[in-house]
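Shown below: start36.cif, with mmCIF, C-alpha atoms.
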data_protein
#
loop_
_atom_site.label_atom_id
_atom_site.label_comp_id
_atom_site.auth_asym_id
_atom_site.auth_seq_id
_atom_site.Cartn_x
_atom_site.Cartn_y
_atom_site.Cartn_z
CA MET A 1 0.00 0.00 0.00
CA LEU A 2 1.09 3.55 -0.67
CA GLN A 3 2.30 5.62 2.25
CA PRO A 4 5.06 8.19 2.85
CA LYS A 5 8.57 6.80 3.39
CA LYS A 6 9.16 9.28 6.17
CA THR A 7 7.30 12.28 7.50
CA LYS A 8 8.58 15.41 9.19
CA TYR A 9 5.75 15.30 11.72
CA ARG A 10 3.87 12.16 12.70
CA LYS A 11 0.37 13.62 13.03
CA GLN A 12 -1.49 16.34 11.16
CA PHE A 13 -4.51 18.57 11.72
CA LYS A 14 -7.69 17.49 10.00
CA GLY A 15 -7.95 20.63 7.86
CA ARG A 16 -10.63 21.50 5.31
CA ASN A 17 -10.90 20.44 1.69
CA ARG A 18 -12.88 22.96 -0.34
CA GLY A 19 -13.14 24.12 -3.93
CA ALA A 20 -12.25 22.45 -7.20
CA ALA A 21 -8.85 21.09 -8.16
CA THR A 22 -6.59 23.33 -10.20
CA ARG A 23 -3.76 20.85 -10.68
CA GLY A 24 -3.92 17.25 -11.82
CA THR A 25 -6.97 18.01 -13.94
CA THR A 26 -5.48 17.23 -17.34
CA PHE A 27 -3.90 14.20 -18.95
CA ALA A 28 -0.24 13.67 -18.20
CA PHE A 29 0.37 10.09 -19.30
CA GLY A 30 -2.51 7.94 -20.53
CA ASP A 31 -5.43 7.99 -22.94
CA LEU A 32 -8.27 7.37 -20.51
CA ALA A 33 -8.64 8.56 -16.92
CA LEU A 34 -10.83 8.31 -13.87
CA GLN A 35 -11.73 11.77 -12.59
CA THR A 36 -13.36 12.54 -9.26
CA LEU A 37 -16.46 14.72 -9.17
CA GLU A 38 -16.54 15.22 -5.41
CA ASN A 39 -14.22 16.48 -2.71
CA GLY A 40 -13.11 14.02 -0.09
CA THR A 41 -10.36 11.69 0.97
CA ILE A 42 -9.30 8.37 -0.49
CA THR A 43 -7.42 5.96 1.75
CA SER A 44 -4.34 4.07 0.66
CA ARG A 45 -6.36 0.84 0.88
CA GLN A 46 -9.01 2.16 -1.48
CA ILE A 47 -6.31 3.32 -3.92
CA GLU A 48 -4.74 -0.14 -3.79
CA ALA A 49 -8.08 -1.95 -4.13
CA ALA A 50 -8.94 0.10 -7.22
CA ARG A 51 -5.48 -0.49 -8.68
CA ILE A 52 -5.84 -4.25 -8.21
CA ALA A 53 -9.30 -4.16 -9.81
CA ILE A 54 -7.82 -2.46 -12.87
CA THR A 55 -4.74 -4.66 -13.25
CA ARG A 56 -6.77 -7.87 -12.79
CA HIS A 57 -9.29 -6.79 -15.40
CA VAL A 58 -6.88 -5.66 -18.11
CA ARG A 59 -4.54 -8.61 -17.43
CA ARG A 60 -1.58 -7.51 -19.53
CA GLY A 61 -0.23 -4.84 -21.80
CA ALA A 62 -1.70 -1.87 -19.99
CA ASN A 63 0.13 1.10 -18.57
CA LEU A 64 -1.42 2.46 -15.42
CA TRP A 65 -0.58 5.65 -13.58
CA ILE A 66 -1.86 6.60 -10.13
CA ARG A 67 -2.14 10.37 -10.00
CA ILE A 68 -2.78 10.72 -6.26
CA PHE A 69 -0.69 9.86 -3.21
CA PRO A 70 -1.94 9.27 0.34
CA TYR A 71 0.36 11.65 2.19
CA LYS A 72 -1.97 12.71 5.00
CA PRO A 73 -1.93 10.73 8.26
CA VAL A 74 -5.27 10.16 9.96
CA THR A 75 -5.28 9.27 13.65
CA LYS A 76 -7.71 7.15 15.62
CA LYS A 77 -8.17 6.59 19.33
CA PRO A 78 -8.37 2.97 20.49
CA ALA A 79 -11.84 1.50 21.05
CA GLU A 80 -13.54 2.08 24.40
CA THR A 81 -11.16 4.85 25.41
CA ARG A 82 -12.26 7.85 27.46
CA MET A 83 -11.89 11.22 25.76
CA GLY A 84 -8.76 13.24 26.37
CA LYS A 85 -5.24 11.97 27.04
CA GLY A 86 -4.00 13.40 23.77
CA LYS A 87 -4.40 12.67 20.08
CA GLY A 88 -4.68 9.05 19.00
CA ASP A 89 -2.15 7.08 16.98
CA VAL A 90 -1.81 7.17 13.20
CA ASP A 91 -4.38 4.74 11.79
CA LYS A 92 -4.09 5.23 8.05
CA TYR A 93 -2.88 7.53 5.31
CA VAL A 94 -5.28 9.27 2.97
CA ALA A 95 -5.11 11.36 -0.20
CA PRO A 96 -7.31 14.46 0.03
CA VAL A 97 -8.81 15.07 -3.42
CA LYS A 98 -10.79 17.90 -4.88
CA ARG A 99 -13.38 17.62 -7.65
CA GLY A 100 -11.77 17.51 -11.05
CA GLN A 101 -8.68 15.63 -9.90
CA PHE A 102 -7.51 12.74 -12.11
CA LEU A 103 -7.09 9.60 -10.00
CA TYR A 104 -5.89 6.99 -12.49
CA GLU A 105 -4.71 7.16 -16.07
CA ILE A 106 -4.50 4.15 -18.34
CA SER A 107 -3.19 3.39 -21.83
CA GLY A 108 -1.97 0.49 -23.92
CA VAL A 109 -5.27 -1.43 -24.10
CA SER A 110 -8.47 -1.02 -26.10
CA GLU A 111 -10.75 1.80 -25.01
CA GLU A 112 -13.56 -0.62 -24.24
CA LEU A 113 -11.39 -2.71 -21.92
CA ALA A 114 -9.90 0.37 -20.26
CA ARG A 115 -13.37 1.81 -19.66
CA SER A 116 -14.65 -1.35 -18.05
CA ALA A 117 -11.50 -1.55 -15.88
CA LEU A 118 -11.92 2.03 -14.70
CA ARG A 119 -15.58 1.40 -14.02
CA LEU A 120 -14.67 -1.53 -11.77
CA ALA A 121 -12.10 0.69 -10.04
CA SER A 122 -14.72 3.36 -9.43
CA TYR A 123 -16.75 0.87 -7.37
CA LYS A 124 -13.83 0.65 -4.93
CA LEU A 125 -13.74 4.39 -4.32
CA PRO A 126 -15.84 6.43 -1.89
CA LEU A 127 -16.46 9.34 -4.29
CA LYS A 128 -18.47 9.98 -7.43
CA THR A 129 -16.22 9.65 -10.45
CA ARG A 130 -16.38 9.74 -14.22
CA ILE A 131 -14.27 8.37 -17.03
CA VAL A 132 -12.71 10.93 -19.34
CA SER A 133 -10.77 10.35 -22.54
CA ARG A 134 -7.99 12.36 -24.06
CA SER A 135 -9.88 12.76 -27.31
CA GLU A 136 -12.71 14.57 -25.46
CA GLU A 137 -10.19 16.93 -23.98
CA GLU A 138 -8.70 17.96 -27.29
CA PHE A 139 -10.26 20.96 -28.86
CA VAL A 140 -13.19 21.68 -29.34
CA MET B 1 -0.86 25.42 -42.39
CA VAL B 2 -4.53 26.20 -41.91
CA GLN B 3 -5.63 29.76 -41.52
CA SER B 4 -9.02 30.98 -40.40
CA SER B 5 -10.49 34.21 -39.23
CA LEU B 6 -11.99 34.87 -35.82
CA ARG B 7 -14.06 37.88 -34.95
CA VAL B 8 -13.43 39.14 -31.41
CA LYS B 9 -14.35 42.19 -29.40
CA PRO B 10 -12.06 44.26 -27.21
CA ARG B 11 -12.81 43.81 -23.50
CA ILE B 12 -13.22 46.91 -21.39
CA ARG B 13 -14.00 45.13 -18.13
CA ILE B 14 -10.68 43.62 -17.10
CA GLY B 15 -9.63 41.62 -14.07
CA LYS B 16 -11.36 38.84 -12.19
CA SER B 17 -14.77 40.52 -11.94
CA GLY B 18 -14.71 41.60 -15.58
CA ALA B 19 -13.85 38.09 -16.72
CA ARG B 20 -16.68 36.67 -14.59
CA GLU B 21 -19.18 39.05 -16.17
CA VAL B 22 -18.05 37.97 -19.62
CA ARG B 23 -18.50 34.30 -18.69
CA LYS B 24 -21.94 35.03 -17.28
CA GLU B 25 -22.95 36.35 -20.71
CA GLY B 26 -21.83 33.04 -22.22
CA ASN B 27 -18.64 34.36 -23.78
CA ILE B 28 -14.98 33.62 -23.17
CA PRO B 29 -12.56 36.20 -21.77
CA ALA B 30 -9.27 36.20 -23.66
CA ILE B 31 -6.06 38.13 -24.07
CA LEU B 32 -3.81 38.84 -27.02
CA TYR B 33 -0.12 39.49 -26.39
CA GLY B 34 3.28 39.13 -28.03
CA ARG B 35 5.59 40.87 -30.49
CA GLY B 36 6.45 43.49 -27.85
CA GLU B 37 3.03 45.11 -28.11
CA ASP B 38 0.72 45.98 -25.26
CA PRO B 39 -1.62 43.15 -24.29
CA VAL B 40 -5.21 43.49 -25.55
CA PRO B 41 -8.04 42.00 -23.41
CA LEU B 42 -10.68 40.41 -25.64
CA VAL B 43 -14.08 38.75 -25.65
CA VAL B 44 -14.55 35.65 -27.79
CA ARG B 45 -17.82 33.93 -28.67
CA PRO B 46 -17.57 30.15 -28.09
CA ASP B 47 -19.38 29.23 -31.32
CA GLU B 48 -17.03 31.45 -33.37
CA LEU B 49 -14.02 29.88 -31.66
CA LYS B 50 -15.32 26.40 -32.37
CA ARG B 51 -15.83 27.26 -36.03
CA ALA B 52 -12.36 28.80 -36.32
CA LEU B 53 -10.56 25.84 -34.78
CA SER B 54 -12.63 22.99 -36.24
CA ASN B 55 -10.20 21.97 -38.94
CA SER B 56 -7.33 19.59 -39.50
CA ALA B 57 -4.80 21.84 -37.73
CA GLY B 58 -6.93 22.24 -34.60
CA ILE B 59 -5.13 24.27 -31.98
CA ASN B 60 -2.25 25.03 -34.39
CA THR B 61 -4.53 27.02 -36.69
CA VAL B 62 -3.20 30.46 -37.58
CA LEU B 63 -5.98 32.83 -36.62
CA GLU B 64 -6.61 36.16 -38.23
CA LEU B 65 -8.16 38.06 -35.36
CA GLU B 66 -10.62 40.69 -36.45
CA ILE B 67 -10.84 42.98 -33.47
CA ASP B 68 -14.07 44.96 -33.70
CA GLY B 69 -13.33 48.50 -32.61
CA SER B 70 -15.70 51.41 -32.44
CA GLU B 71 -13.95 53.19 -35.33
CA SER B 72 -12.22 50.48 -37.30
CA THR B 73 -11.58 46.76 -37.39
CA ALA B 74 -7.97 45.82 -36.75
CA LYS B 75 -6.60 42.53 -38.04
CA ARG B 76 -3.86 40.63 -36.25
CA PHE B 77 -2.31 37.23 -36.90
CA SER B 78 -2.19 35.04 -33.83
CA MET B 79 -2.26 31.51 -32.51
CA VAL B 80 -3.83 29.99 -29.44
CA GLN B 81 -1.15 29.91 -26.77
CA GLU B 82 -3.14 28.48 -23.87
CA ILE B 83 -6.65 27.24 -23.17
CA GLN B 84 -7.91 27.22 -19.60
CA ARG B 85 -10.81 24.89 -18.90
CA ASP B 86 -13.23 24.25 -16.12
CA PRO B 87 -12.14 20.76 -14.98
CA ILE B 88 -15.71 19.62 -14.25
CA LYS B 89 -17.80 21.22 -16.97
CA ASN B 90 -14.94 21.08 -19.47
CA ARG B 91 -15.91 24.44 -20.97
CA VAL B 92 -13.27 26.97 -21.94
CA ILE B 93 -12.89 29.67 -19.27
CA HIS B 94 -10.00 31.69 -20.69
CA LEU B 95 -7.88 31.93 -23.82
CA ASP B 96 -4.42 33.28 -24.48
CA PHE B 97 -3.66 34.38 -28.04
CA LEU B 98 -0.05 34.89 -29.07
CA ALA B 99 0.45 37.57 -31.70
CA ILE B 100 2.72 36.21 -34.42
CA ASP B 101 4.78 37.59 -37.26
CA MET B 102 4.17 35.53 -40.39
CA LYS B 103 7.83 36.08 -41.38
CA LYS B 104 9.34 34.91 -38.09
CA SER B 105 9.67 31.32 -37.00
CA ILE B 106 7.77 30.09 -33.98
CA ARG B 107 7.69 26.97 -31.84
CA VAL B 108 4.65 24.72 -32.04
CA LYS B 109 3.63 21.29 -30.79
CA VAL B 110 2.43 19.13 -33.66
CA PRO B 111 0.55 15.88 -32.94
CA VAL B 112 2.01 12.54 -34.02
CA SER B 113 -0.03 9.89 -35.80
CA THR B 114 1.05 6.35 -36.68
CA GLN B 115 0.19 4.60 -39.91
CA GLY B 116 -0.20 0.88 -40.43
CA ARG B 117 0.31 -2.09 -38.14
CA SER B 118 3.89 -2.87 -37.22
CA GLU B 119 5.59 -6.20 -37.83
CA GLY B 120 6.35 -6.39 -34.12
CA GLU B 121 2.67 -6.08 -33.20
CA ARG B 122 1.84 -8.99 -35.50
CA ARG B 123 4.41 -11.01 -33.56
CA GLY B 124 2.89 -10.20 -30.19
CA GLY B 125 4.62 -6.94 -29.33
CA ARG B 126 2.92 -3.65 -28.65
CA LEU B 127 3.44 -0.24 -30.13
CA GLU B 128 4.28 2.47 -27.60
CA LYS B 129 3.85 6.08 -28.54
CA LEU B 130 6.55 7.78 -26.52
CA MET B 131 5.65 11.24 -27.81
CA ARG B 132 2.14 12.49 -28.54
CA THR B 133 3.41 15.74 -29.96
CA ILE B 134 6.73 16.92 -31.38
CA ASP B 135 8.04 20.44 -30.76
CA LEU B 136 8.89 22.06 -34.08
CA GLU B 137 10.34 25.39 -35.06
CA CYS B 138 9.13 26.85 -38.34
CA LEU B 139 7.42 29.78 -40.01
CA PRO B 140 3.69 30.01 -39.23
CA GLY B 141 3.00 29.23 -42.89
CA ASP B 142 4.92 25.95 -42.77
CA ILE B 143 3.29 24.35 -39.71
CA PRO B 144 2.31 20.76 -40.56
CA ASP B 145 -1.16 19.66 -39.42
CA LEU B 146 0.03 16.23 -38.40
CA ILE B 147 3.22 14.19 -38.38
CA GLU B 148 2.48 10.79 -39.86
CA ILE B 149 4.87 7.95 -39.09
CA ASP B 150 4.74 4.70 -41.02
CA VAL B 151 5.37 1.93 -38.50
CA SER B 152 4.58 -1.09 -40.68
CA SER B 153 8.26 -2.09 -41.01
CA LEU B 154 9.08 -1.91 -37.29
CA ASP B 155 9.87 -5.20 -35.57
CA ILE B 156 10.02 -5.84 -31.81
CA GLY B 157 12.59 -3.45 -30.37
CA GLY B 158 12.42 -1.24 -33.44
CA PHE B 159 11.82 2.45 -33.05
CA VAL B 160 11.54 5.74 -34.90
CA ASP B 161 13.44 8.68 -33.47
CA ILE B 162 13.10 12.36 -34.29
CA ALA B 163 16.06 12.21 -36.69
CA GLY B 164 14.26 9.47 -38.63
CA ILE B 165 11.30 11.67 -39.52
CA GLU B 166 11.16 13.95 -42.53
CA PHE B 167 9.53 17.22 -41.55
CA GLY B 168 9.66 19.07 -44.82
CA GLU B 169 11.52 22.18 -45.80
CA GLY B 170 11.91 24.97 -43.26
CA VAL B 171 10.64 22.83 -40.41
CA LYS B 172 13.13 21.68 -37.79
CA PRO B 173 12.64 19.80 -34.54
CA VAL B 174 13.48 21.54 -31.29
CA ARG B 175 14.50 18.45 -29.35
CA ASP B 176 17.46 16.15 -29.82
CA GLY B 177 17.28 13.90 -32.90
CA SER B 178 18.06 10.77 -30.86
CA GLU B 179 14.84 11.00 -28.84
CA LYS B 180 12.47 8.15 -29.66
CA VAL B 181 8.96 8.90 -30.89
CA VAL B 182 7.47 5.42 -31.26
CA GLN B 183 8.82 2.04 -30.27
CA VAL B 184 7.62 -1.53 -30.50
CA MET B 185 8.01 -3.21 -27.13
CA ALA B 186 8.02 -6.92 -26.40
CA GLN B 187 5.14 -8.15 -24.28
CA ARG B 188 6.16 -8.98 -20.76
CA ALA B 189 7.01 -12.65 -20.31
CA GLN B 190 4.33 -14.94 -18.97
CA GLU B 191 6.37 -15.76 -15.84
CA GLU B 192 6.69 -12.11 -14.91
CA GLU B 193 2.97 -11.80 -15.23
CA GLU B 194 2.37 -14.72 -12.94
CA VAL B 195 4.83 -13.40 -10.33
CA GLN B 196 3.03 -10.06 -10.40
CA ALA B 197 -0.34 -11.74 -9.99
CA GLU B 198 0.98 -13.67 -7.01
CA GLU B 199 2.32 -10.52 -5.43
CA GLU B 200 -1.02 -8.86 -5.86
CA GLU B 201 -2.72 -11.84 -4.27
CA GLU B 202 -0.45 -11.54 -1.28
CA VAL B 203 -1.11 -7.85 -0.92
CA GLU B 204 -4.82 -8.46 -1.04
CA GLU B 205 -4.57 -11.16 1.60
CA GLU B 206 -2.65 -8.77 3.82
CA VAL B 207 -5.32 -6.15 3.37
CA GLU B 208 -8.04 -8.64 4.22
CA ALA B 209 -6.13 -9.85 7.28
CA GLU B 210 -5.65 -6.29 8.50
CA THR B 211 -9.32 -5.51 7.97
CA GLN B 212 -10.39 -8.50 9.97
CA GLU B 213 -8.15 -7.39 12.85
#
Same coordinates, now as structure tokens:
Amino acid sequence: MLQPKKTKYRKQFKGRNRGAATRGTTFAFGDLALQTLENGTITSRQIEAARIAITRHVRRGANLWIRIFPYKPVTKKPAETRMGKGKGDVDKYVAPVKRGQFLYEISGVSEELARSALRLASYKLPLKTRIVSRSEEEFV
Amino acid sequence: MVQSSLRVKPRIRIGKSGAREVRKEGNIPAILYGRGEDPVPLVVRPDELKRALSNSAGINTVLELEIDGSESTAKRFSMVQEIQRDPIKNRVIHLDFLAIDMKKSIRVKVPVSTQGRSEGERRGGRLEKLMRTIDLECLPGDIPDLIEIDVSSLDIGGFVDIAGIEFGEGVKPVRDGSEKVVQVMAQRAQEEEEVQAEEEEEVEEEVEAETQE
């Protein structure tokens, strides 16, 4: 699973995640992409589950790029613990995403196969997504 | 080269609020700059833009901007430098036009297209397009619409680099000639595939085990 190799600080504030994405909203590598339509966070497990769904479906010959990285630690207090006594331990890492962000890009297989693979991947994710193709992006 | 005309209006309302007003009216705020002249804020109608760029050259079309003024209509040669889009609605939200001199060379990105099915693909390989566009330097009048590469003779491991492409007179590539444009790769061996599948299986098992905990 994806997670940072090392972090400067172990725990982070929760923060807010508003507005639309301004970066990572265009194609960088592939021909077809999965784009999120909602703001939220995607955990490293969800990213991995979606990746496995894609690679299992396309079998061979595909190039896949993951455009997000779960850099943000999320803490959790142990079960049945009284409140207080400080912030809990790091439970998981998540990737905060804003609407418009490309999550996965794929190339090297037929469009039909790539679309069905991305559709399967979308079922593993907690946000509304859509599939976009490079040809749609080109003018006009 | 493909040339088309585009009628635009000068924009009086500049800045963020001005641009928003223009968008509210259904038009696109734009700017024309280059050649050492003062930048000119413009308003472009989306349907006119679509008509002007709907041709074989697409974004590399040389546009003759007809700027409607109160007294006279000025004409300027330009090309689209940048298109900003709304990432969700995919509509154009801003345009940059670069004023060009038809007698001075410019740099453009020209799309690459492959022709035919390679020998390597017939033998189980796959064709990888390493470049989608090639940066070229030429006069605006010499810009090719498309760079077509015949790949039918390429075997597995075979490639076409920039030096191996004929661009025509007056057109020269910006990047190094040794950079590959297309290459036929061998399919990964079956064993590698199986190892990868096994690894994935393990990862999934780990995930499941952790979830159960």
Running the PyMOL selection byres ((chain A) within 9 of (chain B)) on this model by hand, what would come out? Give it as a compact mmCIF listing (two decimals) with C-alpha atoms, keeping the file's coordinate frame.
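Written file, selection25.txt:
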# COMPACT_ATOMS: atom_id res chain seq x y z
CA MET A 1 0.00 0.00 0.00
CA ALA A 20 -12.25 22.45 -7.20
CA ALA A 21 -8.85 21.09 -8.16
CA THR A 22 -6.59 23.33 -10.20
CA THR A 25 -6.97 18.01 -13.94
CA THR A 26 -5.48 17.23 -17.34
CA GLN A 35 -11.73 11.77 -12.59
CA THR A 36 -13.36 12.54 -9.26
CA LEU A 37 -16.46 14.72 -9.17
CA ARG A 45 -6.36 0.84 0.88
CA GLU A 48 -4.74 -0.14 -3.79
CA ALA A 49 -8.08 -1.95 -4.13
CA ILE A 52 -5.84 -4.25 -8.21
CA THR A 55 -4.74 -4.66 -13.25
CA ARG A 56 -6.77 -7.87 -12.79
CA ARG A 59 -4.54 -8.61 -17.43
CA ARG A 60 -1.58 -7.51 -19.53
CA GLY A 61 -0.23 -4.84 -21.80
CA ARG A 99 -13.38 17.62 -7.65
CA GLY A 100 -11.77 17.51 -11.05
CA GLN A 101 -8.68 15.63 -9.90
CA GLY A 108 -1.97 0.49 -23.92
CA GLU A 137 -10.19 16.93 -23.98
CA GLU A 138 -8.70 17.96 -27.29
CA PHE A 139 -10.26 20.96 -28.86
CA VAL A 140 -13.19 21.68 -29.34
Explicit residues for the PyMOL selection byres ((chain B and resi 29) around 9) (as a compact mmCIF listing (two decimals) with C-alpha atoms, in the coordinates of the input):
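File out00.txt, as written:
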# COMPACT_ATOMS: atom_id res chain seq x y z
CA ARG B 11 -12.81 43.81 -23.50
CA ILE B 14 -10.68 43.62 -17.10
CA GLY B 18 -14.71 41.60 -15.58
CA ALA B 19 -13.85 38.09 -16.72
CA ARG B 20 -16.68 36.67 -14.59
CA VAL B 22 -18.05 37.97 -19.62
CA ARG B 23 -18.50 34.30 -18.69
CA ASN B 27 -18.64 34.36 -23.78
CA ILE B 28 -14.98 33.62 -23.17
CA ALA B 30 -9.27 36.20 -23.66
CA ILE B 31 -6.06 38.13 -24.07
CA PRO B 41 -8.04 42.00 -23.41
CA LEU B 42 -10.68 40.41 -25.64
CA VAL B 43 -14.08 38.75 -25.65
CA VAL B 44 -14.55 35.65 -27.79
CA ARG B 45 -17.82 33.93 -28.67
CA ILE B 93 -12.89 29.67 -19.27
CA HIS B 94 -10.00 31.69 -20.69
CA LEU B 95 -7.88 31.93 -23.82
query = Skipping near chain neighbours, those fewer than 6 positions away, what residues fall within 9 Å of Pro126 in chain A using all atoms listed in the file, listed as number ranges by chain?
reply = A: 40-42, 46
Would you output that residue set with C-alpha atoms, as a short mmCIF file (atom, residue, chain, number, x, y, z; two decimals), in the frame of the given file?
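Output below, filename result_10.cif:
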data_model
loop_
_atom_site.label_atom_id
_atom_site.label_comp_id
_atom_site.auth_asym_id
_atom_site.auth_seq_id
_atom_site.Cartn_x
_atom_site.Cartn_y
_atom_site.Cartn_z
CA GLY A 40 -13.11 14.02 -0.09
CA THR A 41 -10.36 11.69 0.97
CA ILE A 42 -9.30 8.37 -0.49
CA GLN A 46 -9.01 2.16 -1.48
#
query = Just how far from CA of Glu38 in chain A is CA of Trp65 in chain A, in Å to one decimal?
reply =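 So the answer is 20.3 Å.
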Give as a PDB file with C-alpha atoms, in the coordinates of the input the residues that the PyMOL selection byres ((chain A and resi 9) around 12) matches when applied to the coordinates above.
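out08.pdb was written with the following content:
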ATOM      1  CA  PRO A   4       5.060   8.190   2.850  1.00  0.00           C
ATOM      2  CA  LYS A   6       9.160   9.280   6.170  1.00  0.00           C
ATOM      3  CA  THR A   7       7.300  12.280   7.500  1.00  0.00           C
ATOM      4  CA  LYS A   8       8.580  15.410   9.190  1.00  0.00           C
ATOM      5  CA  ARG A  10       3.870  12.160  12.700  1.00  0.00           C
ATOM      6  CA  LYS A  11       0.370  13.620  13.030  1.00  0.00           C
ATOM      7  CA  GLN A  12      -1.490  16.340  11.160  1.00  0.00           C
ATOM      8  CA  PHE A  13      -4.510  18.570  11.720  1.00  0.00           C
ATOM      9  CA  TYR A  71       0.360  11.650   2.190  1.00  0.00           C
ATOM     10  CA  LYS A  72      -1.970  12.710   5.000  1.00  0.00           C
ATOM     11  CA  PRO A  73      -1.930  10.730   8.260  1.00  0.00           C
ATOM     12  CA  VAL A  90      -1.810   7.170  13.200  1.00  0.00           C
TER      13      VAL A  90
END
message = Using all atoms listed in the file for the distances, tell me which of B:Ile165, B:Val108, B:Val2, B:Met102 is nearest to Val182 in chain B.
response =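 Closest to Val182 in chain B of all the choices is B:Ile165.
Comparing the minimum interatomic distances between Met1 in chain B and each of B:Asp145, B:Glu21, B:Asp150, B:Asp155, counting only C-alpha atoms, we find that B:Asp145 sits nearest.
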When you get a chance, write out N, CA and C atoms for range 21-36 of chain B, as a CSV table (one decimal), in the coordinates of the input.
chain,number,residue,atom,x,y,z
B,21,GLU,N,-18.0,38.5,-15.5
B,21,GLU,CA,-19.2,39.0,-16.2
B,21,GLU,C,-19.3,38.5,-17.6
B,22,VAL,N,-18.1,38.5,-18.2
B,22,VAL,CA,-18.0,38.0,-19.6
B,22,VAL,C,-18.5,36.5,-19.7
B,23,ARG,N,-18.1,35.7,-18.7
B,23,ARG,CA,-18.5,34.3,-18.7
B,23,ARG,C,-20.0,34.2,-18.4
B,24,LYS,N,-20.5,35.1,-17.6
B,24,LYS,CA,-21.9,35.0,-17.3
B,24,LYS,C,-22.8,35.3,-18.5
B,25,GLU,N,-22.2,36.1,-19.4
B,25,GLU,CA,-23.0,36.4,-20.7
B,25,GLU,C,-22.8,35.2,-21.7
B,26,GLY,N,-22.0,34.2,-21.3
B,26,GLY,CA,-21.8,33.0,-22.2
B,26,GLY,C,-20.6,33.2,-23.2
B,27,ASN,N,-19.8,34.2,-22.9
B,27,ASN,CA,-18.6,34.4,-23.8
B,27,ASN,C,-17.4,34.0,-23.0
B,28,ILE,N,-16.3,34.0,-23.8
B,28,ILE,CA,-15.0,33.6,-23.2
B,28,ILE,C,-14.1,34.8,-23.1
B,29,PRO,N,-13.6,35.1,-21.9
B,29,PRO,CA,-12.6,36.2,-21.8
B,29,PRO,C,-11.2,35.7,-22.3
B,30,ALA,N,-10.5,36.6,-23.0
B,30,ALA,CA,-9.3,36.2,-23.7
B,30,ALA,C,-8.3,37.4,-23.6
B,31,ILE,N,-7.1,37.1,-24.0
B,31,ILE,CA,-6.1,38.1,-24.1
B,31,ILE,C,-5.1,37.9,-25.2
B,32,LEU,N,-4.7,38.9,-25.9
B,32,LEU,CA,-3.8,38.8,-27.0
B,32,LEU,C,-2.5,39.5,-26.6
B,33,TYR,N,-1.4,38.9,-26.7
B,33,TYR,CA,-0.1,39.5,-26.4
B,33,TYR,C,1.0,39.0,-27.3
B,34,GLY,N,2.2,39.6,-27.2
B,34,GLY,CA,3.3,39.1,-28.0
B,34,GLY,C,3.8,40.2,-28.9
B,35,ARG,N,4.9,40.0,-29.5
B,35,ARG,CA,5.6,40.9,-30.5
B,35,ARG,C,5.9,42.2,-29.8
B,36,GLY,N,6.1,42.3,-28.5
B,36,GLY,CA,6.4,43.5,-27.8
B,36,GLY,C,5.4,44.5,-27.8
